[in-house]
Amino acid sequence: MGEIQTQDAASIPQASSCTGKVVIVGAGAVGSTFAYAMQLRGAARQIVLIDRNRELAEAEASDLSHGALFAPPVEITAGDYPDCADADLVAICAGSAQKPGQSRMELVSTNVGICKTIVRQVVEHTSKATILIVTNPVDVLTYAAIKYSGLPTNQVIGSGTVLDSARLRYMLSRHCRVDARNIHGYVLGEHGDSEMVAWSAVTIGGMAIGKYCPACPRHCPPLEQEQLAAQVRDSAYHIIEAKGATNYAVGQAMTHIATAILRNENSVLTVSTLLNGEYGLHDVCLSVPVIINRSGVERILNLQLTEPELQALQASAEAIKNVQREVGL
């Protein structure tokens, strides 16, 4: 397949206004929790739930609406794809869970097909909304959504490693006993097994972690970076094994992304976006720091990674491209 060509966000007409309308496709555990988190934050004026099980979407919308007294005003309804026409953001959370005996590649192929069907129905009604892909494997599906939508590449993003980066900051805060909001760092690459931590960019209170730890008076055991990175990477597996799914933290992460878009915040987030030259990578969607606002991806930031980190990022990109090739993207 030919490479997808990126477009400069500066050359793309910007939305003239933001209505604060969000459409969520897939009213399961993740989609409904996202709606709940958005409601509590008051981040949208209107939320529409779409699901192939209309009764489920209506039930979730009613359940959320009954708590209107306890949250900022927001209209929450069940709907269908024509509701995308005036949406600012369309979040795609629908997909198939892995079935007994089903291979990972079979699952990927199934979800690519679901993504293709949904995206084409969305773009029948809007070419202006930002599309946020949440269904896994999120990087492959973000690439598929760009391909099948025909939208500018900055307008289609994946939730990427926003949650992974939050997990990293949380775990560092527990280890270092510092508020997670004063710790900055990024998980890059695939949202999955090949993701990597950019340790050279991690700071605590503005200090590089390599300088902070020796200066810390607590004299705690050495920070085992590889062990901590593995805990970040594998934490979702442990949660899924115990309760069947992750939904609360990913719903909060999605709300963080959505708020940056709806409020035109120019936030730096590690969403999955198409790279064509950045970090020496081409024609692949993965997570790197980008500036997010109403236009989607305003621009990609190029971190000064160490050579081993760059090699790890490139290996992660190759793992994603291998999956793309296997499913014919």
# chains A, B, ... in the order shown; residues from 1 in each chain; ligands from 1
>>> residues_around(residues="Gln39 (chain A)", least_positions_apart="3", cutoff="9 Å", atoms="only C-alpha atoms", output="PyMOL selection string")
chain A and resi 34-36+42-45+47+64+68+71-74+76
>>> write_last_selection(atoms="N, CA and C atoms", output="short mmCIF file (atom, residue, chain, number, x, y, z; two decimals), in the first residue's frame")
data_model
loop_
_atom_site.label_atom_id
_atom_site.label_comp_id
_atom_site.auth_asym_id
_atom_site.auth_seq_id
_atom_site.Cartn_x
_atom_site.Cartn_y
_atom_site.Cartn_z
N PHE A 34 -16.09 6.78 29.89
CA PHE A 34 -15.66 8.03 29.28
C PHE A 34 -16.78 9.07 29.39
N ALA A 35 -18.00 8.68 29.05
CA ALA A 35 -19.13 9.59 29.14
C ALA A 35 -19.32 10.09 30.58
N TYR A 36 -19.18 9.18 31.53
CA TYR A 36 -19.34 9.53 32.95
C TYR A 36 -18.27 10.53 33.39
N GLY A 42 -17.77 18.24 33.38
CA GLY A 42 -18.46 19.30 32.66
C GLY A 42 -17.71 19.71 31.42
N ALA A 43 -17.09 18.73 30.76
CA ALA A 43 -16.19 19.02 29.65
C ALA A 43 -16.91 19.16 28.30
N ALA A 44 -18.19 18.79 28.24
CA ALA A 44 -18.93 18.87 26.98
C ALA A 44 -20.34 19.40 27.25
N ARG A 45 -20.90 20.01 26.23
CA ARG A 45 -22.29 20.48 26.32
C ARG A 45 -23.26 19.36 26.01
N ILE A 47 -23.40 14.98 24.88
CA ILE A 47 -22.77 13.69 24.66
C ILE A 47 -23.80 12.76 24.03
N LEU A 64 -26.91 7.83 33.17
CA LEU A 64 -26.06 9.01 33.35
C LEU A 64 -26.91 10.26 33.56
N ALA A 68 -28.00 14.06 36.73
CA ALA A 68 -27.78 15.44 36.26
C ALA A 68 -27.71 16.44 37.41
N ALA A 71 -23.99 17.04 38.75
CA ALA A 71 -22.90 17.34 37.83
C ALA A 71 -23.22 18.60 37.04
N PRO A 72 -22.22 19.20 36.39
CA PRO A 72 -22.49 20.35 35.53
C PRO A 72 -23.48 19.97 34.43
N PRO A 73 -24.24 20.92 33.90
CA PRO A 73 -25.25 20.62 32.89
C PRO A 73 -24.66 20.03 31.62
N VAL A 74 -25.19 18.91 31.18
CA VAL A 74 -24.80 18.29 29.91
C VAL A 74 -25.96 17.43 29.44
N ILE A 76 -27.22 14.24 27.64
CA ILE A 76 -26.71 12.91 27.28
C ILE A 76 -27.84 12.10 26.68
#
>>> residues_around(residues="Gln225 (chain A)", least_positions_apart="6", cutoff="10 Å", atoms="only C-alpha atoms", output="PDB file with C-alpha atoms, in the first residue's frame")
ATOM      1  CA  LEU A 172       7.391   7.233  40.116  1.00  0.00           C
ATOM      2  CA  VAL A 197      10.082   4.931  28.533  1.00  0.00           C
ATOM      3  CA  TRP A 199      14.071   8.130  30.730  1.00  0.00           C
ATOM      4  CA  GLN A 231       5.250  -2.631  35.692  1.00  0.00           C
TER       5      GLN A 231
END
>>> select_by_dssp(residues="region 18-242 of chain A", states="strand (DSSP E or B)", output="number ranges by chain")
A: 21-25, 46-50, 75-78, 89-92, 130-133, 156-158, 183-184, 187-189, 196-197, 203-204, 207-208
>>> residues_around(residues="Gly31 (chain A)", least_positions_apart="4", cutoff="8 Å", atoms="only C-alpha atoms", output="short mmCIF file (atom, residue, chain, number, x, y, z; two decimals) with C-alpha atoms, in the first residue's frame")
data_model
loop_
_atom_site.label_atom_id
_atom_site.label_comp_id
_atom_site.auth_asym_id
_atom_site.auth_seq_id
_atom_site.Cartn_x
_atom_site.Cartn_y
_atom_site.Cartn_z
CA ILE A 24 -19.05 8.13 21.55
CA VAL A 25 -19.28 5.03 19.36
CA GLY A 26 -19.40 1.97 21.61
CA ALA A 27 -21.34 2.20 24.89
CA ALA A 35 -19.13 9.59 29.14
CA CYS A 93 -14.49 2.69 21.54
CA ALA A 94 -16.27 -0.16 19.76
CA GLY A 251 -11.93 6.95 30.72
#
>>> residues_around(residues="region 289-306 of chain A", least_positions_apart="5", cutoff="6 Å", atoms="only C-alpha atoms", output="list of chain:residue names")
A:Ala9, A:Asn154, A:Gln155, A:Ala260, A:Ile261, A:Leu262, A:Asn264, A:Glu265, A:Asn266, A:Ser267, A:Val268, A:Leu269, A:Thr270
>>> atom_distance(atom1="CA of Ile133 (chain A)", atom2="CA of Val271 (chain A)")
9.8 Å
>>> residues_around(residues="Leu89 (chain A)", least_positions_apart="4", cutoff="9 Å", atoms="only C-alpha atoms", output="VMD selection string")
chain A and resid 20 to 24 84 128 to 132 258 261 to 262
>>> residues_around(residues="Asp80 (chain A)", least_positions_apart="6", cutoff="9 Å", atoms="only C-alpha atoms", output="number ranges by chain")
A: 25, 48-51, 54
>>> select_by_dssp(residues="region 129-173 of chain A", states="alpha helix (DSSP H)", output="number ranges by chain")
A: 138-149, 162-173
